[in-house]
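The next block is input.cif, given as mmCIF, C-alpha atoms.
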data_work
#
loop_
_atom_site.group_PDB
_atom_site.id
_atom_site.type_symbol
_atom_site.label_atom_id
_atom_site.label_comp_id
_atom_site.auth_asym_id
_atom_site.auth_seq_id
_atom_site.Cartn_x
_atom_site.Cartn_y
_atom_site.Cartn_z
ATOM 1 C CA MET O 1 101.033 107.127 24.841
ATOM 2 C CA ILE O 2 101.296 108.903 28.180
ATOM 3 C CA LYS O 3 104.386 107.852 30.099
ATOM 4 C CA ASN O 4 105.058 110.728 32.486
ATOM 5 C CA ILE O 5 103.079 112.733 35.053
ATOM 6 C CA VAL O 6 104.632 116.070 36.000
ATOM 7 C CA PHE O 7 103.411 117.991 39.053
ATOM 8 C CA ASP O 8 103.645 121.523 40.259
ATOM 9 C CA ILE O 9 104.094 121.450 44.047
ATOM 10 C CA GLY O 10 102.493 124.454 45.772
ATOM 11 C CA ASN O 11 98.690 124.225 46.005
ATOM 12 C CA VAL O 12 98.845 120.835 44.284
ATOM 13 C CA LEU O 13 100.800 118.354 46.416
ATOM 14 C CA VAL O 14 101.435 120.879 49.162
ATOM 15 C CA ASP O 15 99.179 123.400 50.912
ATOM 16 C CA TYR O 16 100.470 126.954 50.575
ATOM 17 C CA ASN O 17 98.545 128.778 53.280
ATOM 18 C CA ILE O 18 100.409 132.052 53.637
ATOM 19 C CA LYS O 19 97.457 133.931 55.175
ATOM 20 C CA GLY O 20 97.041 131.316 57.889
ATOM 21 C CA PHE O 21 100.791 131.179 58.422
ATOM 22 C CA LEU O 22 101.025 134.945 58.919
ATOM 23 C CA ALA O 23 97.962 134.968 61.163
ATOM 24 C CA GLY O 24 99.702 132.348 63.283
ATOM 25 C CA LYS O 25 102.580 134.791 63.731
ATOM 26 C CA GLY O 26 100.169 137.303 65.226
ATOM 27 C CA PHE O 27 99.580 139.599 62.277
ATOM 28 C CA GLU O 28 96.170 141.240 61.839
ATOM 29 C CA PRO O 29 94.272 140.875 58.505
ATOM 30 C CA ASP O 30 95.159 144.361 57.215
ATOM 31 C CA MET O 31 98.843 143.807 57.950
ATOM 32 C CA ILE O 32 98.718 140.385 56.291
ATOM 33 C CA LYS O 33 97.400 142.023 53.114
ATOM 34 C CA ARG O 34 100.228 144.547 53.149
ATOM 35 C CA ILE O 35 102.904 141.911 53.727
ATOM 36 C CA ILE O 36 101.569 139.736 50.926
ATOM 37 C CA LYS O 37 101.279 142.686 48.530
ATOM 38 C CA ALA O 38 104.885 143.697 49.192
ATOM 39 C CA SER O 39 106.265 140.171 48.911
ATOM 40 C CA VAL O 40 104.348 137.357 47.242
ATOM 41 C CA MET O 41 102.490 139.692 44.877
ATOM 42 C CA SER O 42 105.597 141.647 43.908
ATOM 43 C CA PRO O 43 107.945 140.957 40.984
ATOM 44 C CA TYR O 44 110.692 140.404 43.541
ATOM 45 C CA TRP O 45 109.084 137.121 44.619
ATOM 46 C CA GLU O 46 109.878 135.334 41.364
ATOM 47 C CA ALA O 47 113.394 136.767 41.485
ATOM 48 C CA PHE O 48 113.703 135.239 44.968
ATOM 49 C CA GLU O 49 112.439 131.880 43.709
ATOM 50 C CA ARG O 50 115.002 132.011 40.873
ATOM 51 C CA CYS O 51 117.775 132.859 43.352
ATOM 52 C CA ASP O 52 118.384 136.132 41.537
ATOM 53 C CA LEU O 53 117.990 137.614 45.016
ATOM 54 C CA ASP O 54 119.353 136.005 48.176
ATOM 55 C CA GLU O 55 117.230 135.986 51.317
ATOM 56 C CA GLU O 56 118.488 139.299 52.700
ATOM 57 C CA GLY O 57 118.261 140.961 49.306
ATOM 58 C CA ALA O 58 114.715 139.721 48.822
ATOM 59 C CA LEU O 59 113.564 140.972 52.221
ATOM 60 C CA LYS O 60 115.088 144.388 51.577
ATOM 61 C CA ALA O 61 113.426 144.482 48.161
ATOM 62 C CA PHE O 62 110.043 143.588 49.685
ATOM 63 C CA ALA O 63 110.484 146.274 52.343
ATOM 64 C CA SER O 64 111.344 148.883 49.712
ATOM 65 C CA LEU O 65 107.769 148.561 48.426
ATOM 66 C CA ASP O 66 106.258 149.366 51.837
ATOM 67 C CA PRO O 67 108.974 150.846 54.079
ATOM 68 C CA GLU O 68 106.577 151.456 56.978
ATOM 69 C CA ILE O 69 106.303 147.707 57.600
ATOM 70 C CA GLU O 70 109.943 146.713 57.119
ATOM 71 C CA SER O 71 110.200 145.147 60.588
ATOM 72 C CA GLU O 72 106.967 143.194 60.051
ATOM 73 C CA ILE O 73 108.226 141.855 56.722
ATOM 74 C CA PHE O 74 111.470 140.663 58.301
ATOM 75 C CA LYS O 75 109.534 139.072 61.184
ATOM 76 C CA ALA O 76 107.137 137.384 58.755
ATOM 77 C CA TYR O 77 109.900 135.658 56.805
ATOM 78 C CA GLU O 78 112.594 135.109 59.433
ATOM 79 C CA ASN O 79 111.516 131.463 59.462
ATOM 80 C CA ILE O 80 108.809 130.032 57.213
ATOM 81 C CA LYS O 81 108.539 126.521 58.641
ATOM 82 C CA GLY O 82 104.849 125.614 58.532
ATOM 83 C CA MET O 83 103.956 127.888 55.639
ATOM 84 C CA LEU O 84 103.977 124.853 53.329
ATOM 85 C CA THR O 85 102.503 121.538 54.478
ATOM 86 C CA ILE O 86 102.164 118.273 52.605
ATOM 87 C CA ARG O 87 98.629 117.305 51.573
ATOM 88 C CA ASP O 88 97.246 114.040 52.934
ATOM 89 C CA PHE O 89 96.867 112.433 49.518
ATOM 90 C CA ALA O 90 100.270 113.441 48.081
ATOM 91 C CA ILE O 91 102.388 110.378 48.826
ATOM 92 C CA ASP O 92 99.636 107.868 48.053
ATOM 93 C CA PHE O 93 98.834 109.673 44.786
ATOM 94 C CA VAL O 94 102.456 109.503 43.655
ATOM 95 C CA LYS O 95 102.754 105.862 44.710
ATOM 96 C CA GLN O 96 99.571 104.918 42.848
ATOM 97 C CA LEU O 97 100.729 106.592 39.655
ATOM 98 C CA LYS O 98 104.042 104.737 39.935
ATOM 99 C CA GLU O 99 102.191 101.446 40.419
ATOM 100 C CA ASP O 100 100.156 102.281 37.314
ATOM 101 C CA GLY O 101 103.377 102.405 35.336
ATOM 102 C CA TYR O 102 103.997 106.140 35.046
ATOM 103 C CA ALA O 103 107.204 108.001 35.739
ATOM 104 C CA VAL O 104 106.392 110.864 38.118
ATOM 105 C CA TYR O 105 108.225 114.191 38.288
ATOM 106 C CA TYR O 106 107.945 117.694 39.735
ATOM 107 C CA LEU O 107 108.416 121.068 38.020
ATOM 108 C CA SER O 108 107.841 123.900 40.441
ATOM 109 C CA ASN O 109 108.689 127.451 41.457
ATOM 110 C CA TYR O 110 110.308 126.968 44.858
ATOM 111 C CA SER O 111 112.770 129.106 46.783
ATOM 112 C CA SER O 112 115.842 127.663 48.468
ATOM 113 C CA LYS O 113 114.468 128.970 51.782
ATOM 114 C CA ALA O 114 111.222 127.028 51.352
ATOM 115 C CA PHE O 115 113.181 123.939 50.331
ATOM 116 C CA ARG O 116 115.271 124.132 53.520
ATOM 117 C CA GLU O 117 112.754 125.295 56.092
ATOM 118 C CA CYS O 118 109.688 123.405 54.810
ATOM 119 C CA SER O 119 111.519 120.215 53.852
ATOM 120 C CA ASP O 120 108.975 118.039 55.665
ATOM 121 C CA SER O 121 106.365 119.168 53.133
ATOM 122 C CA LEU O 122 108.353 117.459 50.363
ATOM 123 C CA ALA O 123 108.248 113.907 51.699
ATOM 124 C CA PHE O 124 106.682 112.699 48.429
ATOM 125 C CA MET O 125 109.893 113.488 46.517
ATOM 126 C CA GLU O 126 111.590 110.257 47.542
ATOM 127 C CA TYR O 127 108.956 108.323 45.579
ATOM 128 C CA MET O 128 109.362 110.406 42.412
ATOM 129 C CA ASP O 129 111.710 110.017 39.473
ATOM 130 C CA GLY O 130 113.123 113.522 39.754
ATOM 131 C CA GLY O 131 112.252 117.049 38.787
ATOM 132 C CA CYS O 132 113.308 120.689 38.616
ATOM 133 C CA LEU O 133 112.910 123.494 41.133
ATOM 134 C CA SER O 134 113.220 127.146 40.180
ATOM 135 C CA PHE O 135 115.963 128.010 42.637
ATOM 136 C CA GLN O 136 118.106 125.164 41.303
ATOM 137 C CA GLU O 137 117.633 126.002 37.628
ATOM 138 C CA LYS O 138 117.510 129.819 38.026
ATOM 139 C CA MET O 139 114.257 129.880 36.040
ATOM 140 C CA THR O 140 110.572 130.133 36.944
ATOM 141 C CA LYS O 141 107.313 129.150 35.280
ATOM 142 C CA PRO O 142 105.787 130.261 32.988
ATOM 143 C CA ASP O 143 109.152 130.760 31.211
ATOM 144 C CA GLU O 144 109.191 128.201 28.384
ATOM 145 C CA ASN O 145 112.902 127.617 28.980
ATOM 146 C CA PHE O 146 112.157 126.142 32.399
ATOM 147 C CA TYR O 147 109.935 123.459 30.867
ATOM 148 C CA LYS O 148 112.473 122.814 28.086
ATOM 149 C CA ARG O 149 115.273 122.478 30.646
ATOM 150 C CA PHE O 150 113.199 119.893 32.506
ATOM 151 C CA LEU O 151 112.505 117.869 29.329
ATOM 152 C CA GLU O 152 116.165 117.969 28.345
ATOM 153 C CA LYS O 153 117.388 116.992 31.808
ATOM 154 C CA TYR O 154 115.366 113.773 31.813
ATOM 155 C CA SER O 155 115.263 113.154 28.038
ATOM 156 C CA LEU O 156 111.463 113.283 28.055
ATOM 157 C CA VAL O 157 108.988 113.933 25.248
ATOM 158 C CA ALA O 158 106.365 116.577 26.019
ATOM 159 C CA GLU O 159 103.682 114.741 24.025
ATOM 160 C CA GLU O 160 104.152 111.705 26.299
ATOM 161 C CA SER O 161 103.669 113.785 29.444
ATOM 162 C CA VAL O 162 100.819 115.233 31.500
ATOM 163 C CA PHE O 163 101.490 118.475 33.372
ATOM 164 C CA VAL O 164 99.418 119.317 36.479
ATOM 165 C CA ASP O 165 99.468 122.853 37.916
ATOM 166 C CA ASP O 166 96.996 125.061 39.786
ATOM 167 C CA THR O 167 97.890 128.152 37.728
ATOM 168 C CA PRO O 168 96.218 128.264 34.285
ATOM 169 C CA ILE O 169 98.982 130.224 32.538
ATOM 170 C CA ASN O 170 101.534 127.619 33.578
ATOM 171 C CA VAL O 171 99.349 124.898 32.088
ATOM 172 C CA GLU O 172 98.817 126.909 28.897
ATOM 173 C CA VAL O 173 102.562 127.214 28.343
ATOM 174 C CA ALA O 174 103.008 123.485 28.946
ATOM 175 C CA GLU O 175 100.296 122.716 26.392
ATOM 176 C CA LYS O 176 101.952 125.032 23.889
ATOM 177 C CA LEU O 177 105.078 122.898 24.217
ATOM 178 C CA GLY O 178 103.134 119.665 23.666
ATOM 179 C CA PHE O 179 102.206 118.508 27.168
ATOM 180 C CA LYS O 180 98.694 117.414 28.016
ATOM 181 C CA GLY O 181 97.623 119.941 30.623
ATOM 182 C CA ILE O 182 95.470 119.734 33.733
ATOM 183 C CA VAL O 183 94.555 122.742 35.878
ATOM 184 C CA PHE O 184 94.514 121.296 39.389
ATOM 185 C CA GLU O 185 91.271 121.723 41.322
ATOM 186 C CA SER O 186 91.237 118.662 43.571
ATOM 187 C CA TYR O 187 92.924 115.307 43.947
ATOM 188 C CA GLU O 188 89.826 113.482 42.711
ATOM 189 C CA SER O 189 89.467 115.669 39.638
ATOM 190 C CA ALA O 190 93.150 115.412 38.729
ATOM 191 C CA ALA O 191 93.130 111.629 39.093
ATOM 192 C CA GLU O 192 90.067 111.342 36.870
ATOM 193 C CA LYS O 193 91.530 113.627 34.224
ATOM 194 C CA ILE O 194 94.821 111.724 34.155
ATOM 195 C CA CYS O 195 92.897 108.488 33.588
ATOM 196 C CA ALA O 196 90.808 110.104 30.836
ATOM 197 C CA ILE O 197 93.870 111.466 29.033
ATOM 198 C CA ALA O 198 95.647 108.118 29.265
ATOM 199 C CA ALA O 199 92.564 106.265 27.984
ATOM 200 C CA ALA O 200 92.263 108.612 25.010
ATOM 201 C CA LYS O 201 95.771 107.785 23.895
#
Now, as a test, write the supplied structure out as structure tokens.
Amino acid sequence: MIKNIVFDIGNVLVDYNIKGFLAGKGFEPDMIKRIIKASVMSPYWEAFERCDLDEEGALKAFASLDPEIESEIFKAYENIKGMLTIRDFAIDFVKQLKEDGYAVYYLSNYSSKAFRECSDSLAFMEYMDGGCLSFQEKMTKPDENFYKRFLEKYSLVAEESVFVDDTPINVEVAEKLGFKGIVFESYESAAEKICAIAAAK
């Protein structure tokens, strides 16, 4: 029996539009590609989301990968308010699942900076039963230990839980641990798949 629905946050309940965000700061497309390659696409990004690197350390690490654009990297991330925005359906989706009798949680890679500066994007959290963020637990998906920490924290059974994430590898690891997995494509698709999984059990 499915009792719990567990959500990733970025690109599921929240829009993560880094290209649009950087364009809004005045960066040209070629520069946006370079900034993203040196930051989000680098191994330092997960370290930042785990709090292995503080904000200054992360920015210096990003800049070390493309020293010519150090000033642009610092400008890009001096304040990230607006980079993450709540999706229109997020709160109603969580509320509906609660009304349907499910406990609803989050399990997401999220930096402390994003948590502070994009806090308005997380308005759905007050309707949820809890969750784990990478910067709080010092772990990131797809590390199995992050999922296990979450299950232990809330005394949950993986086989009674559905995990929804936009990244296939994160879903694969969840399934390996016993979760029912859904790769997020749209609100409508996720809602239908949750109903189908629940009906099958």
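The interatomic distance for the pair CA of Pro67 in chain O and CA of Ile35 in chain O works out to 10.8 Å.
In terms of minimum interatomic distance to Gly10 in chain O, O:Val164 ranks closest within O:Leu97, O:Val164, O:Ala23, O:Ile73, counting all atoms listed in the file.
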Response to the item:
The residue from O:Met128, O:Ile69, O:Leu133, O:Met1 with the smallest atom-to-atom distance to Cys51 in chain O, counting only C-alpha atoms, is O:Leu133
Discussion item. On this structure, the PyMOL selection byres ((chain O and resi 178-183) around 8) would catch which residues? List them as a PyMOL selection string, sorted by chain and number.
Written reply: chain O and resi 158-168+171-172+174-177+184-185+190+193+197
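Using only C-alpha atoms for every distance, the candidate list O:Tyr154, O:Tyr77, O:Phe124, O:Phe93 yields O:Phe93 as the residue closest to Glu192 in chain O.
What separates CA of Tyr105 in chain O from CA of Lys148 in chain O is a distance of 14.0 Å.
One finds CA of Ser121 in chain O at 20.7 Å from CA of Ala191 in chain O.
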Discussion item. For the PyMOL selection byres ((chain O and resi 63-65) around 12), applied here, can you spell out every residue it catches as number ranges by chain?
Written reply: O: 34-44, 56-62, 66-77
Item to complete: Extract, using only C-alpha atoms, all DNA, RNA and protein residues at most 9 Å from range 149-151 of chain O, discarding same-chain residues fewer than 3 positions from it, and format them as JSON, numbers by chain.
Response: {"O": [107, 131, 132, 137, 144, 145, 146, 154, 155, 156, 157, 158]}
Mind working out the centre and edge lengths of an axis-aligned box for range 153-160 of chain O, all listed atoms inside, 6 Å added to each side, rounded to one decimal in Å and written as lines of an AutoDock Vina configuration file?
center_x = 110.5
center_y = 114.3
center_z = 27.9
size_x = 25.7
size_y = 17.3
size_z = 19.8
